[in-house]
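The file coords.pdb comes next; it holds PDB, C-alpha atoms.
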ATOM      1  CA  MET X   1       9.275  24.802   3.874  1.00  0.00           C
ATOM      2  CA  ASN X   2       6.959  27.753   4.278  1.00  0.00           C
ATOM      3  CA  LEU X   3       4.278  28.600   1.787  1.00  0.00           C
ATOM      4  CA  ILE X   4       3.088  32.174   1.467  1.00  0.00           C
ATOM      5  CA  GLU X   5       0.051  33.229  -0.540  1.00  0.00           C
ATOM      6  CA  LEU X   6       1.324  36.584  -1.717  1.00  0.00           C
ATOM      7  CA  PRO X   7      -2.001  38.320  -2.418  1.00  0.00           C
ATOM      8  CA  LYS X   8      -3.371  37.213   0.950  1.00  0.00           C
ATOM      9  CA  ALA X   9      -0.147  38.109   2.799  1.00  0.00           C
ATOM     10  CA  ASP X  10      -0.132  41.522   1.114  1.00  0.00           C
ATOM     11  CA  ARG X  11      -3.789  42.126   2.021  1.00  0.00           C
ATOM     12  CA  LEU X  12      -3.345  40.997   5.638  1.00  0.00           C
ATOM     13  CA  GLY X  13       0.051  42.614   6.177  1.00  0.00           C
ATOM     14  CA  VAL X  14       1.577  39.484   7.722  1.00  0.00           C
ATOM     15  CA  GLY X  15       5.230  39.005   8.678  1.00  0.00           C
ATOM     16  CA  GLY X  16       7.828  41.496   9.757  1.00  0.00           C
ATOM     17  CA  ALA X  17       8.850  44.673   8.000  1.00  0.00           C
ATOM     18  CA  ALA X  18      11.371  42.920   5.742  1.00  0.00           C
ATOM     19  CA  LEU X  19       8.897  40.266   4.585  1.00  0.00           C
ATOM     20  CA  ALA X  20       6.180  42.881   4.101  1.00  0.00           C
ATOM     21  CA  ALA X  21       8.582  44.957   1.972  1.00  0.00           C
ATOM     22  CA  TRP X  22       9.441  41.965  -0.235  1.00  0.00           C
ATOM     23  CA  ILE X  23       5.788  41.006  -0.603  1.00  0.00           C
ATOM     24  CA  ALA X  24       4.920  44.567  -1.580  1.00  0.00           C
ATOM     25  CA  PHE X  25       7.797  44.565  -4.097  1.00  0.00           C
ATOM     26  CA  ILE X  26       6.680  41.289  -5.675  1.00  0.00           C
ATOM     27  CA  GLU X  27       3.016  42.276  -5.787  1.00  0.00           C
ATOM     28  CA  HIS X  28       3.341  46.011  -6.598  1.00  0.00           C
ATOM     29  CA  TRP X  29       6.727  46.509  -8.320  1.00  0.00           C
ATOM     30  CA  HIS X  30       5.028  48.418 -11.162  1.00  0.00           C
ATOM     31  CA  GLU X  31       3.257  50.901  -8.828  1.00  0.00           C
ATOM     32  CA  GLU X  32       5.587  53.845  -8.182  1.00  0.00           C
ATOM     33  CA  SER X  33       3.526  55.298  -5.332  1.00  0.00           C
ATOM     34  CA  THR X  34       3.625  51.999  -3.410  1.00  0.00           C
ATOM     35  CA  MET X  35       7.329  51.472  -4.099  1.00  0.00           C
ATOM     36  CA  ALA X  36       8.141  54.999  -2.933  1.00  0.00           C
ATOM     37  CA  GLN X  37       6.860  54.079   0.555  1.00  0.00           C
ATOM     38  CA  ILE X  38       9.258  51.129   0.959  1.00  0.00           C
ATOM     39  CA  ASP X  39      12.508  52.056   2.664  1.00  0.00           C
ATOM     40  CA  TYR X  40      13.962  48.572   3.154  1.00  0.00           C
ATOM     41  CA  PRO X  41      17.424  48.779   1.450  1.00  0.00           C
ATOM     42  CA  PRO X  42      17.489  45.305  -0.194  1.00  0.00           C
ATOM     43  CA  VAL X  43      14.106  45.948  -1.787  1.00  0.00           C
ATOM     44  CA  GLN X  44      15.221  49.396  -2.920  1.00  0.00           C
ATOM     45  CA  ARG X  45      18.333  47.838  -4.543  1.00  0.00           C
ATOM     46  CA  ALA X  46      16.105  45.261  -6.287  1.00  0.00           C
ATOM     47  CA  LEU X  47      13.804  48.048  -7.511  1.00  0.00           C
ATOM     48  CA  ASP X  48      16.792  50.061  -8.774  1.00  0.00           C
ATOM     49  CA  GLU X  49      18.091  46.987 -10.628  1.00  0.00           C
ATOM     50  CA  LEU X  50      14.663  46.415 -12.141  1.00  0.00           C
ATOM     51  CA  LYS X  51      14.572  50.044 -13.324  1.00  0.00           C
ATOM     52  CA  ARG X  52      18.077  49.710 -14.761  1.00  0.00           C
ATOM     53  CA  LEU X  53      17.109  46.566 -16.651  1.00  0.00           C
ATOM     54  CA  SER X  54      13.896  48.184 -17.861  1.00  0.00           C
ATOM     55  CA  ALA X  55      15.896  51.052 -19.338  1.00  0.00           C
ATOM     56  CA  ASP X  56      17.913  48.587 -21.441  1.00  0.00           C
ATOM     57  CA  ASP X  57      16.159  48.013 -24.794  1.00  0.00           C
ATOM     58  CA  GLU X  58      17.649  44.540 -25.267  1.00  0.00           C
ATOM     59  CA  ALA X  59      16.663  43.426 -21.751  1.00  0.00           C
ATOM     60  CA  ARG X  60      13.114  44.696 -22.366  1.00  0.00           C
ATOM     61  CA  ARG X  61      12.962  42.875 -25.687  1.00  0.00           C
ATOM     62  CA  LEU X  62      14.163  39.631 -24.073  1.00  0.00           C
ATOM     63  CA  ALA X  63      11.639  40.008 -21.253  1.00  0.00           C
ATOM     64  CA  PHE X  64       8.870  40.559 -23.803  1.00  0.00           C
ATOM     65  CA  VAL X  65       9.936  37.483 -25.805  1.00  0.00           C
ATOM     66  CA  ARG X  66      10.081  35.377 -22.635  1.00  0.00           C
ATOM     67  CA  GLU X  67       6.644  36.592 -21.500  1.00  0.00           C
ATOM     68  CA  ARG X  68       5.169  35.816 -24.913  1.00  0.00           C
ATOM     69  CA  ALA X  69       6.745  32.336 -24.869  1.00  0.00           C
ATOM     70  CA  LEU X  70       5.293  31.674 -21.402  1.00  0.00           C
ATOM     71  CA  ARG X  71       1.855  32.865 -22.532  1.00  0.00           C
ATOM     72  CA  ASP X  72       2.069  30.649 -25.643  1.00  0.00           C
ATOM     73  CA  GLU X  73       3.113  27.679 -23.505  1.00  0.00           C
ATOM     74  CA  ARG X  74       0.157  28.211 -21.161  1.00  0.00           C
ATOM     75  CA  SER X  75      -2.151  28.452 -24.157  1.00  0.00           C
ATOM     76  CA  GLU X  76      -0.758  25.221 -25.639  1.00  0.00           C
ATOM     77  CA  MET X  77      -1.119  23.457 -22.284  1.00  0.00           C
ATOM     78  CA  ARG X  78      -4.729  24.631 -21.997  1.00  0.00           C
ATOM     79  CA  GLY X  79      -5.399  23.375 -25.531  1.00  0.00           C
ATOM     80  CA  ALA X  80      -3.751  20.035 -24.777  1.00  0.00           C
ATOM     81  CA  LYS X  81      -5.835  19.642 -21.617  1.00  0.00           C
ATOM     82  CA  GLU X  82      -9.037  20.379 -23.533  1.00  0.00           C
ATOM     83  CA  GLU X  83      -8.020  17.915 -26.244  1.00  0.00           C
ATOM     84  CA  GLY X  84      -7.274  15.285 -23.598  1.00  0.00           C
ATOM     85  CA  ARG X  85     -10.664  15.815 -21.995  1.00  0.00           C
ATOM     86  CA  ALA X  86     -12.380  15.493 -25.375  1.00  0.00           C
ATOM     87  CA  GLU X  87     -10.467  12.287 -26.147  1.00  0.00           C
ATOM     88  CA  GLY X  88     -11.350  10.924 -22.715  1.00  0.00           C
ATOM     89  CA  LYS X  89     -15.028  11.622 -23.330  1.00  0.00           C
ATOM     90  CA  LEU X  90     -14.826   9.935 -26.729  1.00  0.00           C
ATOM     91  CA  GLU X  91     -13.062   6.905 -25.257  1.00  0.00           C
ATOM     92  CA  GLY X  92     -15.700   6.752 -22.524  1.00  0.00           C
ATOM     93  CA  ARG X  93     -18.489   6.814 -25.099  1.00  0.00           C
ATOM     94  CA  LEU X  94     -16.760   4.132 -27.170  1.00  0.00           C
ATOM     95  CA  GLU X  95     -16.198   2.011 -24.087  1.00  0.00           C
ATOM     96  CA  GLY X  96     -19.846   2.431 -23.128  1.00  0.00           C
ATOM     97  CA  LYS X  97     -20.918   1.462 -26.646  1.00  0.00           C
ATOM     98  CA  LEU X  98     -18.642  -1.587 -26.519  1.00  0.00           C
ATOM     99  CA  GLU X  99     -20.105  -2.664 -23.184  1.00  0.00           C
ATOM    100  CA  GLY X 100     -23.630  -2.190 -24.572  1.00  0.00           C
ATOM    101  CA  GLU X 101     -22.838  -4.264 -27.671  1.00  0.00           C
ATOM    102  CA  ILE X 102     -21.388  -7.037 -25.497  1.00  0.00           C
ATOM    103  CA  ALA X 103     -24.495  -7.077 -23.293  1.00  0.00           C
ATOM    104  CA  VAL X 104     -26.835  -7.272 -26.304  1.00  0.00           C
ATOM    105  CA  LEU X 105     -24.784 -10.005 -27.944  1.00  0.00           C
ATOM    106  CA  GLU X 106     -24.649 -11.994 -24.684  1.00  0.00           C
ATOM    107  CA  ARG X 107     -28.426 -11.750 -24.381  1.00  0.00           C
ATOM    108  CA  LEU X 108     -29.010 -12.833 -27.985  1.00  0.00           C
ATOM    109  CA  LEU X 109     -26.529 -15.714 -27.762  1.00  0.00           C
ATOM    110  CA  THR X 110     -28.150 -16.919 -24.531  1.00  0.00           C
ATOM    111  CA  LYS X 111     -31.640 -16.801 -26.091  1.00  0.00           C
ATOM    112  CA  ARG X 112     -30.495 -18.657 -29.181  1.00  0.00           C
ATOM    113  CA  PHE X 113     -28.017 -21.185 -27.754  1.00  0.00           C
ATOM    114  CA  GLY X 114     -28.648 -21.310 -23.995  1.00  0.00           C
ATOM    115  CA  PRO X 115     -26.349 -20.397 -21.086  1.00  0.00           C
ATOM    116  CA  LEU X 116     -22.923 -19.086 -22.117  1.00  0.00           C
ATOM    117  CA  GLY X 117     -19.690 -20.604 -20.924  1.00  0.00           C
ATOM    118  CA  ALA X 118     -16.840 -18.646 -19.399  1.00  0.00           C
ATOM    119  CA  ASP X 119     -14.814 -19.026 -22.602  1.00  0.00           C
ATOM    120  CA  VAL X 120     -17.558 -17.338 -24.678  1.00  0.00           C
ATOM    121  CA  ARG X 121     -17.912 -14.505 -22.162  1.00  0.00           C
ATOM    122  CA  ALA X 122     -14.131 -14.010 -22.153  1.00  0.00           C
ATOM    123  CA  ARG X 123     -14.095 -13.916 -25.949  1.00  0.00           C
ATOM    124  CA  LEU X 124     -16.856 -11.308 -25.998  1.00  0.00           C
ATOM    125  CA  SER X 125     -15.069  -9.168 -23.397  1.00  0.00           C
ATOM    126  CA  ALA X 126     -11.845  -9.202 -25.428  1.00  0.00           C
ATOM    127  CA  ALA X 127     -13.544  -8.413 -28.755  1.00  0.00           C
ATOM    128  CA  THR X 128     -13.337  -5.221 -30.762  1.00  0.00           C
ATOM    129  CA  LEU X 129     -16.432  -3.313 -31.830  1.00  0.00           C
ATOM    130  CA  GLU X 130     -15.938  -4.601 -35.387  1.00  0.00           C
ATOM    131  CA  GLN X 131     -15.823  -8.231 -34.202  1.00  0.00           C
ATOM    132  CA  LEU X 132     -18.967  -7.755 -32.113  1.00  0.00           C
ATOM    133  CA  ASP X 133     -20.801  -6.311 -35.111  1.00  0.00           C
ATOM    134  CA  LEU X 134     -19.692  -9.233 -37.291  1.00  0.00           C
ATOM    135  CA  TRP X 135     -20.794 -11.806 -34.696  1.00  0.00           C
ATOM    136  CA  ALA X 136     -24.139 -10.026 -34.256  1.00  0.00           C
ATOM    137  CA  ASP X 137     -24.709 -10.364 -38.027  1.00  0.00           C
ATOM    138  CA  ARG X 138     -23.873 -14.077 -37.943  1.00  0.00           C
ATOM    139  CA  ILE X 139     -26.073 -14.943 -34.965  1.00  0.00           C
ATOM    140  CA  LEU X 140     -29.253 -15.158 -37.029  1.00  0.00           C
ATOM    141  CA  GLU X 141     -27.978 -17.814 -39.439  1.00  0.00           C
ATOM    142  CA  ALA X 142     -25.361 -19.722 -37.436  1.00  0.00           C
ATOM    143  CA  PRO X 143     -26.477 -23.253 -36.571  1.00  0.00           C
ATOM    144  CA  THR X 144     -24.225 -23.405 -33.479  1.00  0.00           C
ATOM    145  CA  ILE X 145     -22.558 -20.928 -31.144  1.00  0.00           C
ATOM    146  CA  GLU X 146     -19.186 -21.986 -32.558  1.00  0.00           C
ATOM    147  CA  ALA X 147     -20.374 -20.997 -36.028  1.00  0.00           C
ATOM    148  CA  VAL X 148     -21.058 -17.460 -34.776  1.00  0.00           C
ATOM    149  CA  PHE X 149     -17.376 -17.027 -33.970  1.00  0.00           C
ATOM    150  CA  ASN X 150     -15.872 -19.310 -36.647  1.00  0.00           C
ATOM    151  CA  PRO X 151     -18.079 -19.627 -39.731  1.00  0.00           C
ATOM    152  CA  ASP X 152     -15.737 -22.083 -41.492  1.00  0.00           C
TER     153      ASP X 152
END
I need this file expressed as structure tokens, please.
Amino acid sequence: MNLIELPKADRLGVGGAALAAWIAFIEHWHEESTMAQIDYPPVQRALDELKRLSADDEARRLAFVRERALRDERSEMRGAKEEGRAEGKLEGRLEGKLEGEIAVLERLLTKRFGPLGADVRARLSAATLEQLDLWADRILEAPTIEAVFNPD
């Protein structure tokens, strides 16, 4: 598979006469002076067909509708990407807040009840922000570490 960067190929004039004619057609089909200089028959037939289609009102209308739909799709994709980035930033901030809450709660639990076991650390890591806030409220009055998590 060959990949051709059309603007660069057009600027550098790469390839043979046929390829150069097609590149010029693709890049400059709307420029009559440039198209008048191309004498490669397949490109001339393509240009004639393009002119014929452009003269047809229905074909022009359909091309306009298609172009507008493509532009709208690009705009929606751009909006979706921006929304995704914003959600990712929000999730990152929430995750950072969650990690911060866990670290503070671990420190407070350790000061109050001594070294934490793996089961307590696992429970903290799996907790929601709401659970962490609730446990942080209970830590001041709970007589044992178990009472922080299960007040009953």
**Message:** For this structure, which residues satisfy the selection - the PyMOL selection byres ((chain X and resi 38) around 10) - when it is evaluated on the file as given? I want them as a ChimeraX atom specification.
**Reply:** /X:17-18,20-22,24-25,33-37,39-41,43-44
**Request:** For atom CA of Asp133 of chain X and atom CA of Glu83 of chain X, determine how far apart the two atoms are, in Å to one decimal place.
**Result:**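 Taking atom CA of Asp133 of chain X as the start and atom CA of Glu83 of chain X as the end point, the length is 28.8 Å.
Distances from X:Glu101, X:Glu73, X:Glu58, X:Asp119 to Ile145 of chain X were compared using only C-alpha atoms, and the smallest one belongs to X:Asp119.
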**Message:** What's the separation between atom CA of Pro143 of chain X and atom CA of Thr110 of chain X, in Å to one decimal place?
**Reply:**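 Computing it gives 13.7 Å between the two atoms.
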**Pairwise distance for atom CA of Ala69 of chain X and atom CA of Asp10 of chain X, rounded to one decimal in Å** =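 Separation between atom CA of Ala69 of chain X and atom CA of Asp10 of chain X: 28.4 Å.
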**Request:** Any chance you could resolve the PyMOL selection byres ((chain X and resi 151) around 12) against this file and give the residues as a ChimeraX atom specification?
**Result:** /X:134-135,137-139,141-150,152
Requested write-out: C-alpha atoms of the selected residues, as a short mmCIF file (atom, residue, chain, number, x, y, z; two decimals), in the frame of the given file:
data_model
loop_
_atom_site.label_atom_id
_atom_site.label_comp_id
_atom_site.auth_asym_id
_atom_site.auth_seq_id
_atom_site.Cartn_x
_atom_site.Cartn_y
_atom_site.Cartn_z
CA LEU X 134 -19.69 -9.23 -37.29
CA TRP X 135 -20.79 -11.81 -34.70
CA ASP X 137 -24.71 -10.36 -38.03
CA ARG X 138 -23.87 -14.08 -37.94
CA ILE X 139 -26.07 -14.94 -34.97
CA GLU X 141 -27.98 -17.81 -39.44
CA ALA X 142 -25.36 -19.72 -37.44
CA PRO X 143 -26.48 -23.25 -36.57
CA THR X 144 -24.22 -23.40 -33.48
CA ILE X 145 -22.56 -20.93 -31.14
CA GLU X 146 -19.19 -21.99 -32.56
CA ALA X 147 -20.37 -21.00 -36.03
CA VAL X 148 -21.06 -17.46 -34.78
CA PHE X 149 -17.38 -17.03 -33.97
CA ASN X 150 -15.87 -19.31 -36.65
CA ASP X 152 -15.74 -22.08 -41.49
#
